[in-house]
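Enquirer: Input: one structure, supplied below.
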Amino acid sequence: GPAATPPRTPAEAAVAEVWGRLLGVEGVGADDHFFDLGGHSLLVTQAMARLRQALGVDLPVRALSEAPTVAELAERGEAAQRGGQGAAAGATASSLVTLQPLGDGRPVFLVPGGAGDAVNLFKMTKLARAMGQDRPYYGFFAQEEFGEADGAPQGWAEGVAAGYVREVRERQPDGPYLLGGTCLGGTIACEMAQQLQAAGQEVLRLILIDAWRPGARRGFDPAKQAERLRQRERQSSRRGERAGGKDRAVAPEGDALSVRRWRLQRYEARPYPGRIVLFVNEEWHREHPDLGWERLAGGGIEIEALPGGHGTNLTANLDRTVERLRACLAGL
């Protein structure tokens, strides 16, 4: 291919050097992309920690999702250097993350799995980039404060979904909307679709990827999970890490993923008036073809079995997922 554009500024040189070392690549150029060089979600935190040392600024991990080339990330670093920490901190206020900005087609909003953490967000970036440039793709980076408001009438999942819907509507004020979610993110995507429809908006597609209906998955016991989290909470409070006396009985502390899973399992999914498109891995599909959604899908359910097990649809079998997803979005 054409020779890489060499780094042009000290910040670009610093980013290129960090990536080159971490990924074992020679001659990283200004336009090189973290994922194209072999970067993957497990290296993200390390890459950003090294960059923090090299540039002397604290860029949020999600910056790499939004600015995945050497030049873009260097620009973020320079802005943070100029503006002190405020610039970097200000950039994290929104949950909405641009995964792939190009294209004038109808945008797709994807809720990542897990705790909406950096690792899962990066899998979404990879998926979005593989989908091409005919339409923009957006993801979400979990902000704990959504759904935490004192006296909020709705549950936690509803609160998170309401926050995400606000940000979706800032980007695309009116429908029809294209929504998707993977794994635990599917629950929030489903609640977002409910809220948009309740507001009189059309949801053209709700696409769930390897997402169980809450409560449908066997072997998950919310009570046991809550007890495990309470034990952890007791341990952490003994270490003096407890947050200022706030009553946490409703949401036991623990690592973010466990808390989120516990909260999402307690969400009562309501019947959804629209159609659901479910992508499910072959292993789960053999035992539970619809992962519990069929009885909630008022507009019917379309099930697409993908090869492999849970998680491979965004890694080893990404090409197949992209092909099916493209077909599902064609003409919308």
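Ordering of the structure tokens sets the chain letters (A, B, ...); residue numbers start at 1 within each chain; ligands are numbered from 1 in the order shown.
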Determine, counting only C-alpha atoms, which protein, DNA and RNA residues have an atom within 7 Å of an atom of Pro112 in chain A; residues of the same chain fewer than 6 positions away are not included. Present the result as a PyMOL selection string.
Expert: chain A and resi 120-121+124+139-140+181-182+185
Enquirer: Taking only residues of range 120-187 of chain A that have an atom at most 7 Å from an atom of range 211-215 of chain A, what is each one's shortest atom pair and its distance in Å to one decimal, using only C-alpha atoms, in chain and number order, as a tab-separated table?
Expert:
residue	atom	partner	partner_atom	distance
A:Thr182	CA	A:Ala211	CA	5.7
A:Cys183	CA	A:Ala211	CA	4.0
A:Leu184	CA	A:Ala211	CA	6.2
A:Gly186	CA	A:Ala211	CA	5.3
A:Thr187	CA	A:Arg213	CA	7.0
Enquirer: For Tyr177 in chain A, find every residue with an atom within 9 Å (counting only C-alpha atoms), except residues of its own chain fewer than 6 positions away, and show them as an mmCIF file with C-alpha atoms, in the first residue's frame.
Expert:
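Now in selection.cif:
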data_model
loop_
_atom_site.group_PDB
_atom_site.id
_atom_site.type_symbol
_atom_site.label_atom_id
_atom_site.label_comp_id
_atom_site.auth_asym_id
_atom_site.auth_seq_id
_atom_site.Cartn_x
_atom_site.Cartn_y
_atom_site.Cartn_z
ATOM 1 C CA ARG A 106 -30.034 6.674 8.973
ATOM 2 C CA PRO A 107 -27.793 6.288 12.065
ATOM 3 C CA VAL A 108 -27.628 3.148 14.193
ATOM 4 C CA PHE A 109 -27.438 3.383 18.009
ATOM 5 C CA ALA A 193 -37.364 1.252 22.179
ATOM 6 C CA LEU A 196 -39.322 6.036 22.170
ATOM 7 C CA GLN A 201 -41.747 7.778 17.801
ATOM 8 C CA GLU A 202 -41.268 4.907 15.353
ATOM 9 C CA VAL A 203 -38.578 2.296 15.980
ATOM 10 C CA LEU A 204 -37.818 0.697 12.620
ATOM 11 C CA ARG A 205 -35.520 -2.009 13.989
ATOM 12 C CA LEU A 206 -34.697 -3.352 17.434
#
Enquirer: Which neighbours of range 24-27 of chain A fall inside 10 Å, counting only C-alpha atoms, when residues of the same chain fewer than 4 positions from it are skipped, and could you give them as a list of chain:residue names?
Expert: A:Ala3, A:Ala4, A:Thr5, A:Pro6, A:Pro7, A:Ala16, A:Glu17, A:Val18, A:Trp19, A:Gly20, A:Asp32, A:Leu37, A:Gly38
Enquirer: Using only N, CA and C atoms, please write the residues we just selected to a file, as a compact mmCIF listing (two decimals), in the first residue's frame.
Expert:
# COMPACT_ATOMS: atom_id res chain seq x y z
N ALA A 3 2.89 4.53 1.25
CA ALA A 3 3.69 4.71 2.47
C ALA A 3 2.88 5.52 3.48
N ALA A 4 3.05 5.17 4.75
CA ALA A 4 2.32 5.87 5.80
C ALA A 4 2.81 7.31 5.90
N THR A 5 1.88 8.23 6.20
CA THR A 5 2.26 9.62 6.49
C THR A 5 2.98 9.61 7.83
N PRO A 6 4.24 10.06 7.88
CA PRO A 6 4.92 10.02 9.18
C PRO A 6 4.31 11.02 10.16
N PRO A 7 4.47 10.75 11.46
CA PRO A 7 3.96 11.69 12.47
C PRO A 7 4.52 13.09 12.24
N ALA A 16 2.31 7.44 18.14
CA ALA A 16 2.84 6.43 17.22
C ALA A 16 3.85 5.53 17.94
N GLU A 17 4.67 6.13 18.79
CA GLU A 17 5.68 5.32 19.49
C GLU A 17 5.02 4.36 20.49
N VAL A 18 4.05 4.87 21.25
CA VAL A 18 3.34 4.03 22.22
C VAL A 18 2.68 2.84 21.51
N TRP A 19 1.97 3.12 20.42
CA TRP A 19 1.28 2.05 19.71
C TRP A 19 2.27 1.07 19.09
N GLY A 20 3.33 1.62 18.48
CA GLY A 20 4.33 0.76 17.84
C GLY A 20 4.91 -0.23 18.82
N ASP A 32 -2.71 5.93 10.77
CA ASP A 32 -2.94 4.54 11.16
C ASP A 32 -3.97 4.47 12.27
N LEU A 37 -3.96 -1.86 13.20
CA LEU A 37 -2.59 -2.25 13.53
C LEU A 37 -2.55 -3.50 14.40
N GLY A 38 -3.74 -4.04 14.71
CA GLY A 38 -3.78 -5.24 15.56
C GLY A 38 -4.15 -4.94 17.00
Enquirer: Which residues in range 50-149 of chain A does DSSP call helix (DSSP H, G or I)? List them as an MDAnalysis selection string.
Expert: chainID A and resid 50:55 63:66 70:83 85:90 118:130
Enquirer: For the selection just defined, write its residues with N, CA and C atoms to a file, as a tab-separated table (two decimals), in the first residue's frame.
Expert:
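The resulting file, again32.tsv, is reproduced below:
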chain	number	residue	atom	x	y	z
A	50	ARG	N	-0.09	4.14	29.01
A	50	ARG	CA	1.24	4.54	28.50
A	50	ARG	C	1.19	5.93	27.88
A	51	LEU	N	0.09	6.23	27.24
A	51	LEU	CA	-0.06	7.53	26.60
A	51	LEU	C	-0.14	8.65	27.64
A	52	ARG	N	-0.78	8.31	28.75
A	52	ARG	CA	-0.90	9.26	29.86
A	52	ARG	C	0.50	9.69	30.31
A	53	GLN	N	1.40	8.69	30.41
A	53	GLN	CA	2.78	9.01	30.83
A	53	GLN	C	3.49	9.82	29.76
A	54	ALA	N	3.29	9.42	28.49
A	54	ALA	CA	4.02	10.08	27.39
A	54	ALA	C	3.58	11.53	27.20
A	55	LEU	N	2.28	11.80	27.33
A	55	LEU	CA	1.76	13.15	27.05
A	55	LEU	C	1.56	13.99	28.30
A	63	ALA	N	-11.71	7.88	24.81
A	63	ALA	CA	-11.21	8.75	23.74
A	63	ALA	C	-10.70	7.93	22.57
A	64	LEU	N	-10.18	6.75	22.85
A	64	LEU	CA	-9.66	5.90	21.77
A	64	LEU	C	-10.79	5.34	20.90
A	65	SER	N	-11.98	5.19	21.46
A	65	SER	CA	-13.14	4.78	20.65
A	65	SER	C	-13.54	5.88	19.68
A	66	GLU	N	-13.45	7.12	20.17
A	66	GLU	CA	-13.93	8.25	19.37
A	66	GLU	C	-12.86	8.79	18.44
A	70	VAL	N	-3.88	7.77	14.98
A	70	VAL	CA	-2.78	8.47	15.65
A	70	VAL	C	-3.05	9.98	15.66
A	71	ALA	N	-3.41	10.53	14.49
A	71	ALA	CA	-3.61	11.98	14.39
A	71	ALA	C	-4.77	12.46	15.26
A	72	GLU	N	-5.87	11.71	15.23
A	72	GLU	CA	-7.05	12.15	16.01
A	72	GLU	C	-6.77	12.10	17.51
A	73	LEU	N	-6.13	11.02	17.94
A	73	LEU	CA	-5.87	10.88	19.37
A	73	LEU	C	-4.84	11.91	19.84
A	74	ALA	N	-3.83	12.18	18.98
A	74	ALA	CA	-2.82	13.19	19.32
A	74	ALA	C	-3.49	14.56	19.49
A	75	GLU	N	-4.48	14.84	18.61
A	75	GLU	CA	-5.20	16.11	18.69
A	75	GLU	C	-5.95	16.23	20.02
A	76	ARG	N	-6.56	15.10	20.44
A	76	ARG	CA	-7.23	15.09	21.76
A	76	ARG	C	-6.22	15.39	22.87
A	77	GLY	N	-5.05	14.76	22.75
A	77	GLY	CA	-4.00	14.95	23.77
A	77	GLY	C	-3.55	16.39	23.83
A	78	GLU	N	-3.37	17.00	22.64
A	78	GLU	CA	-2.92	18.40	22.60
A	78	GLU	C	-3.98	19.32	23.20
A	79	ALA	N	-5.25	19.04	22.89
A	79	ALA	CA	-6.34	19.88	23.44
A	79	ALA	C	-6.33	19.79	24.96
A	80	ALA	N	-6.10	18.58	25.47
A	80	ALA	CA	-6.08	18.39	26.93
A	80	ALA	C	-4.88	19.11	27.54
A	81	GLN	N	-3.73	19.09	26.82
A	81	GLN	CA	-2.54	19.79	27.31
A	81	GLN	C	-2.80	21.30	27.37
A	82	ARG	N	-3.45	21.82	26.32
A	82	ARG	CA	-3.73	23.26	26.27
A	82	ARG	C	-4.73	23.68	27.34
A	83	GLY	N	-5.77	22.87	27.49
A	83	GLY	CA	-6.86	23.27	28.37
A	83	GLY	C	-6.72	22.73	29.78
A	85	GLN	N	-6.65	19.79	32.63
A	85	GLN	CA	-7.49	18.59	32.74
A	85	GLN	C	-8.94	18.85	32.37
A	86	GLY	N	-9.38	20.11	32.46
A	86	GLY	CA	-10.78	20.42	32.19
A	86	GLY	C	-11.25	19.95	30.83
A	87	ALA	N	-10.37	20.11	29.82
A	87	ALA	CA	-10.77	19.74	28.46
A	87	ALA	C	-11.04	18.24	28.37
A	88	ALA	N	-10.16	17.46	28.99
A	88	ALA	CA	-10.34	16.01	28.92
A	88	ALA	C	-11.57	15.59	29.72
A	89	ALA	N	-11.75	16.23	30.88
A	89	ALA	CA	-12.89	15.86	31.72
A	89	ALA	C	-14.20	16.24	31.04
A	90	GLY	N	-14.23	17.43	30.41
A	90	GLY	CA	-15.45	17.89	29.76
A	90	GLY	C	-15.89	16.95	28.65
A	118	ALA	N	-15.18	0.10	28.79
A	118	ALA	CA	-14.33	0.36	27.63
A	118	ALA	C	-14.15	-0.88	26.75
A	119	VAL	N	-13.94	-2.03	27.37
A	119	VAL	CA	-13.68	-3.25	26.59
A	119	VAL	C	-14.84	-3.56	25.66
A	120	ASN	N	-16.06	-3.52	26.19
A	120	ASN	CA	-17.23	-3.82	25.36
A	120	ASN	C	-17.53	-2.72	24.35
A	121	LEU	N	-17.23	-1.49	24.73
A	121	LEU	CA	-17.41	-0.37	23.80
A	121	LEU	C	-16.51	-0.56	22.59
A	122	PHE	N	-15.30	-1.07	22.81
A	122	PHE	CA	-14.37	-1.25	21.70
A	122	PHE	C	-14.83	-2.34	20.75
A	123	LYS	N	-15.50	-3.35	21.27
A	123	LYS	CA	-16.05	-4.38	20.36
A	123	LYS	C	-17.07	-3.73	19.44
A	124	MET	N	-17.84	-2.78	19.97
A	124	MET	CA	-18.81	-2.05	19.15
A	124	MET	C	-18.11	-1.20	18.08
A	125	THR	N	-16.97	-0.58	18.46
A	125	THR	CA	-16.22	0.23	17.49
A	125	THR	C	-15.78	-0.65	16.33
A	126	LYS	N	-15.30	-1.84	16.65
A	126	LYS	CA	-14.81	-2.75	15.63
A	126	LYS	C	-15.97	-3.17	14.70
A	127	LEU	N	-17.11	-3.48	15.29
A	127	LEU	CA	-18.29	-3.85	14.51
A	127	LEU	C	-18.70	-2.69	13.60
A	128	ALA	N	-18.79	-1.49	14.18
A	128	ALA	CA	-19.24	-0.32	13.42
A	128	ALA	C	-18.32	-0.03	12.25
A	129	ARG	N	-17.01	-0.13	12.48
A	129	ARG	CA	-16.07	0.13	11.38
A	129	ARG	C	-16.18	-0.91	10.28
A	130	ALA	N	-16.45	-2.15	10.68
A	130	ALA	CA	-16.56	-3.23	9.70
A	130	ALA	C	-17.84	-3.08	8.86
Enquirer: Report, in Å to a single decimal, how far apart CA of Ile207 in chain A and CA of Val277 in chain A are.
Expert: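 CA of Ile207 in chain A lies at a distance of 4.7 Å from CA of Val277 in chain A.
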